[in-house]
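Undergrad: query_20.cif is reproduced below (mmCIF, C-alpha atoms).
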data_entry
loop_
_atom_site.group_PDB
_atom_site.id
_atom_site.type_symbol
_atom_site.label_atom_id
_atom_site.label_comp_id
_atom_site.auth_asym_id
_atom_site.auth_seq_id
_atom_site.Cartn_x
_atom_site.Cartn_y
_atom_site.Cartn_z
ATOM 1 C CA MET A 1231 18.440 -54.324 4.835
ATOM 2 C CA LYS A 1232 20.499 -51.139 5.049
ATOM 3 C CA SER A 1233 18.410 -49.477 2.318
ATOM 4 C CA ILE A 1234 15.116 -50.400 4.068
ATOM 5 C CA THR A 1235 16.386 -48.893 7.335
ATOM 6 C CA THR A 1236 17.544 -45.732 5.557
ATOM 7 C CA PHE A 1237 14.230 -45.416 3.694
ATOM 8 C CA SER A 1238 12.238 -45.936 6.915
ATOM 9 C CA PHE A 1239 14.353 -43.354 8.725
ATOM 10 C CA LEU A 1240 13.903 -40.741 5.945
ATOM 11 C CA ALA A 1241 10.168 -41.436 5.629
ATOM 12 C CA LEU A 1242 9.608 -41.093 9.373
ATOM 13 C CA PHE A 1243 11.471 -37.780 9.715
ATOM 14 C CA GLY A 1244 10.121 -36.491 6.397
ATOM 15 C CA VAL A 1245 6.537 -36.866 7.639
ATOM 16 C CA LEU A 1246 7.425 -35.161 10.924
ATOM 17 C CA LYS A 1247 9.083 -32.275 9.084
ATOM 18 C CA ILE A 1248 6.067 -31.734 6.813
ATOM 19 C CA ASN A 1249 3.633 -31.536 9.743
ATOM 20 C CA ALA A 1250 5.937 -29.377 11.863
ATOM 21 C CA GLN A 1251 5.192 -26.257 9.782
ATOM 22 C CA SER A 1252 1.394 -26.345 9.900
ATOM 23 C CA THR A 1253 -1.377 -25.791 12.397
ATOM 24 C CA GLN A 1254 -5.111 -26.297 12.476
ATOM 25 C CA ASN A 1255 -7.424 -23.661 13.902
ATOM 26 C CA SER A 1256 -10.948 -24.801 14.636
ATOM 27 C CA SER A 1257 -12.544 -21.505 13.606
ATOM 28 C CA GLY A 1258 -11.909 -17.849 12.788
ATOM 29 C CA ASP A 1259 -13.441 -14.846 11.087
ATOM 30 C CA ASN A 1260 -13.271 -11.099 10.535
ATOM 31 C CA ALA A 1261 -15.538 -8.754 12.495
ATOM 32 C CA THR A 1262 -16.265 -5.164 11.444
ATOM 33 C CA GLY A 1263 -17.737 -2.393 13.569
ATOM 34 C CA THR A 1264 -17.970 1.382 13.620
ATOM 35 C CA THR A 1265 -14.623 1.744 15.396
ATOM 36 C CA GLY A 1266 -12.565 -0.744 13.369
ATOM 37 C CA ASN A 1267 -11.945 -4.292 12.202
ATOM 38 C CA VAL A 1268 -10.838 -7.398 14.075
ATOM 39 C CA SER A 1269 -9.525 -10.699 12.736
ATOM 40 C CA TYR A 1270 -9.572 -13.614 15.132
ATOM 41 C CA SER A 1271 -8.877 -17.324 15.254
ATOM 42 C CA VAL A 1272 -10.099 -19.959 17.700
ATOM 43 C CA GLY A 1273 -8.107 -23.022 18.628
ATOM 44 C CA GLN A 1274 -4.616 -21.683 18.052
ATOM 45 C CA ILE A 1275 -2.323 -24.301 19.526
ATOM 46 C CA PHE A 1276 0.856 -22.301 20.099
ATOM 47 C CA TYR A 1277 1.062 -18.669 21.149
ATOM 48 C CA GLU A 1278 3.835 -16.731 22.864
ATOM 49 C CA SER A 1279 3.858 -13.103 23.939
ATOM 50 C CA SER A 1280 7.025 -11.240 24.939
ATOM 51 C CA THR A 1281 7.087 -7.749 26.439
ATOM 52 C CA SER A 1282 9.984 -5.341 26.885
ATOM 53 C CA PRO A 1283 10.326 -1.577 27.409
ATOM 54 C CA GLY A 1284 10.812 -1.251 23.642
ATOM 55 C CA GLY A 1285 7.514 -2.912 22.717
ATOM 56 C CA ASN A 1286 5.628 -6.170 22.456
ATOM 57 C CA ILE A 1287 5.880 -9.130 20.107
ATOM 58 C CA ASN A 1288 3.341 -11.891 19.624
ATOM 59 C CA THR A 1289 4.320 -15.083 17.851
ATOM 60 C CA GLY A 1290 1.859 -17.623 16.585
ATOM 61 C CA VAL A 1291 -0.353 -18.440 13.633
ATOM 62 C CA GLN A 1292 -2.155 -15.112 13.565
ATOM 63 C CA ASN A 1293 -0.490 -11.938 14.811
ATOM 64 C CA ALA A 1294 -2.327 -8.758 15.685
ATOM 65 C CA TYR A 1295 -1.465 -5.524 13.903
ATOM 66 C CA GLU A 1296 -2.823 -2.144 14.925
ATOM 67 C CA ILE A 1297 -2.473 0.822 12.600
ATOM 68 C CA THR A 1298 -2.947 4.133 14.379
ATOM 69 C CA GLU A 1299 -1.780 7.696 14.195
ATOM 70 C CA THR A 1300 1.496 7.583 16.061
ATOM 71 C CA LEU A 1301 1.460 11.157 17.286
ATOM 72 C CA GLY A 1302 -1.324 13.266 18.618
ATOM 73 C CA GLN A 1303 -4.954 13.003 19.464
ATOM 74 C CA GLU A 1304 -7.546 12.853 16.698
ATOM 75 C CA ILE A 1305 -8.857 16.373 16.208
ATOM 76 C CA SER A 1306 -12.531 15.341 16.090
ATOM 77 C CA GLN A 1307 -12.192 13.954 19.612
ATOM 78 C CA ILE A 1308 -11.125 17.281 21.100
ATOM 79 C CA GLY A 1309 -13.471 19.475 19.082
ATOM 80 C CA LEU A 1310 -10.952 21.540 17.109
ATOM 81 C CA ALA A 1311 -10.844 22.410 13.460
ATOM 82 C CA LEU A 1312 -7.279 22.223 12.199
ATOM 83 C CA LYS A 1313 -6.487 22.657 8.486
ATOM 84 C CA ILE A 1314 -3.650 23.518 6.128
ATOM 85 C CA TYR A 1315 -4.124 25.056 2.683
ATOM 86 C CA PRO A 1316 -3.221 25.133 -0.145
ATOM 87 C CA ASN A 1317 -1.626 21.719 -0.305
ATOM 88 C CA PRO A 1318 0.326 21.245 -2.550
ATOM 89 C CA THR A 1319 1.738 24.766 -2.460
ATOM 90 C CA THR A 1320 4.507 26.725 -4.151
ATOM 91 C CA ASP A 1321 5.391 29.346 -1.534
ATOM 92 C CA ILE A 1322 2.876 30.141 1.257
ATOM 93 C CA LEU A 1323 1.168 27.530 3.437
ATOM 94 C CA ASN A 1324 -1.704 28.604 5.694
ATOM 95 C CA LEU A 1325 -2.328 26.881 9.014
ATOM 96 C CA LYS A 1326 -5.903 27.504 10.178
ATOM 97 C CA ILE A 1327 -6.937 26.626 13.715
ATOM 98 C CA ASP A 1328 -10.444 27.389 14.999
ATOM 99 C CA PHE A 1329 -9.828 27.865 18.710
ATOM 100 C CA THR A 1330 -9.359 30.775 21.108
ATOM 101 C CA ASP A 1331 -6.228 29.757 23.042
ATOM 102 C CA HIS A 1332 -3.838 29.877 20.063
ATOM 103 C CA GLN A 1333 -0.966 31.107 22.266
ATOM 104 C CA LYS A 1334 -0.632 27.524 23.578
ATOM 105 C CA TYR A 1335 0.024 26.133 20.076
ATOM 106 C CA SER A 1336 3.196 25.927 18.030
ATOM 107 C CA TYR A 1337 4.345 24.290 14.813
ATOM 108 C CA GLU A 1338 7.484 22.630 13.514
ATOM 109 C CA LEU A 1339 8.290 22.026 9.847
ATOM 110 C CA TYR A 1340 10.480 18.981 9.142
ATOM 111 C CA ASP A 1341 12.054 17.532 6.030
ATOM 112 C CA LEU A 1342 11.743 13.769 5.520
ATOM 113 C CA ALA A 1343 15.188 13.234 7.055
ATOM 114 C CA GLY A 1344 13.799 14.580 10.356
ATOM 115 C CA LYS A 1345 15.656 17.909 10.289
ATOM 116 C CA ILE A 1346 13.702 20.838 11.787
ATOM 117 C CA LEU A 1347 13.476 23.592 9.167
ATOM 118 C CA ASN A 1348 11.186 26.031 10.981
ATOM 119 C CA LYS A 1349 9.793 26.225 14.516
ATOM 120 C CA LYS A 1350 7.467 28.970 15.746
ATOM 121 C CA ALA A 1351 4.448 29.718 17.889
ATOM 122 C CA VAL A 1352 1.066 29.960 16.170
ATOM 123 C CA SER A 1353 0.344 33.671 15.697
ATOM 124 C CA GLY A 1354 -3.449 33.607 15.386
ATOM 125 C CA LYS A 1355 -6.433 31.886 13.832
ATOM 126 C CA VAL A 1356 -4.583 31.721 10.486
ATOM 127 C CA THR A 1357 -0.791 31.505 10.462
ATOM 128 C CA GLU A 1358 1.197 31.902 7.229
ATOM 129 C CA LEU A 1359 4.294 29.767 6.732
ATOM 130 C CA SER A 1360 6.678 30.734 3.954
ATOM 131 C CA ILE A 1361 8.239 27.672 2.356
ATOM 132 C CA SER A 1362 9.424 29.400 -0.829
ATOM 133 C CA ASN A 1363 13.107 28.991 0.165
ATOM 134 C CA TYR A 1364 12.849 25.197 0.372
ATOM 135 C CA PRO A 1365 13.277 22.860 -2.607
ATOM 136 C CA SER A 1366 10.327 20.965 -4.071
ATOM 137 C CA GLY A 1367 9.491 17.879 -2.074
ATOM 138 C CA THR A 1368 7.536 16.462 0.824
ATOM 139 C CA TYR A 1369 7.642 17.990 4.293
ATOM 140 C CA LEU A 1370 5.972 17.254 7.628
ATOM 141 C CA LEU A 1371 4.216 19.956 9.654
ATOM 142 C CA LYS A 1372 3.748 19.051 13.323
ATOM 143 C CA VAL A 1373 1.267 21.125 15.331
ATOM 144 C CA SER A 1374 1.609 20.932 19.130
ATOM 145 C CA LYS A 1375 -0.273 22.275 22.142
ATOM 146 C CA ASN A 1376 1.867 22.919 25.231
ATOM 147 C CA ASN A 1377 4.684 20.961 23.508
ATOM 148 C CA LYS A 1378 2.469 17.871 23.070
ATOM 149 C CA PRO A 1379 1.794 16.805 19.453
ATOM 150 C CA VAL A 1380 -1.780 17.301 18.252
ATOM 151 C CA LYS A 1381 -1.530 16.589 14.508
ATOM 152 C CA ILE A 1382 1.066 15.975 11.801
ATOM 153 C CA PHE A 1383 0.356 17.035 8.219
ATOM 154 C CA LYS A 1384 2.145 15.940 5.053
ATOM 155 C CA VAL A 1385 2.938 19.051 2.970
ATOM 156 C CA LEU A 1386 3.823 18.906 -0.726
ATOM 157 C CA LYS A 1387 5.957 21.791 -2.031
ATOM 158 C CA THR A 1388 6.037 22.183 -5.813
ATOM 159 C CA ASP A 1389 7.838 24.479 -8.262
ATOM 160 C CA LYS A 1390 6.066 27.513 -9.653
#
Mind turning this structure into structure tokens?
TA:
Amino acid sequence: MKSITTFSFLALFGVLKINAQSTQNSSGDNATGTTGNVSYSVGQIFYESSTSPGGNINTGVQNAYEITETLGQEISQIGLALKIYPNPTTDILNLKIDFTDHQKYSYELYDLAGKILNKKAVSGKVTELSISNYPSGTYLLKVSKNNKPVKIFKVLKTDK
């Protein structure tokens, strides 16, 4: 009798445990458009959203992820041409900006640890940056207008 009770108890809670980790959505799909992709599900039973000053978190069967440029406004949206060349480079990096109000722009060169290596105002349509004194590696060049980030470039510095 004791073994039947134990078996019944284990079977009952075993079935509950197996079903506790699954969910059934009635439908779902992926939708693609000119501005991006969306994955969605219909009939999600449990969903919880928490918001704080540090960000948002959504828990449930399907979580939303958005991948965007974290700094700056996309250049095509504001009508500017912004380029760096040559990349990779060994000593001189050119920053080319096709606009007339270049005095409002500046750049900052960072290493991957976040240390500012060089910070200056843009001097004209084409600005030369000397990176010959830095070791080979990857650097980040942040271009700003009125101290607001516009674009961040990844710069590869190689040996001669």
Undergrad: Can you tell me, as a VMD selection string, what residues are no more than 10 Å from segment 1348-1358 of chain A when counting only C-alpha atoms, ignoring any on the same chain fewer than 6 positions away?
TA: chain A and resid 1312 to 1315 1322 to 1341 1371 to 1375
Undergrad: With the file shown as input, list the residues that the PyMOL selection byres ((chain A and resi 1362) around 12) selects, as a PyMOL selection string.
TA: chain A and resi 1319-1323+1358-1361+1363-1367+1386-1390
Undergrad: How far is it from atom CA of Lys1378 of chain A to atom CA of Pro1283 of chain A, in Å with one decimal?
TA: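 Calculated distance between atom CA of Lys1378 of chain A and atom CA of Pro1283 of chain A is 21.4 Å.
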Undergrad: To one decimal in Å, tell me the separation between atom CA of Gly1344 of chain A and atom CA of Pro1318 of chain A.
TA: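 Taking atom CA of Gly1344 of chain A as the start and atom CA of Pro1318 of chain A as the end point, the length is 19.8 Å.
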Undergrad: Just how far from atom CA of Tyr1369 of chain A is atom CA of Pro1316 of chain A, in Å to one decimal?
TA: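 One can read the atom CA of Pro1316 of chain A to atom CA of Tyr1369 of chain A distance as 13.7 Å.
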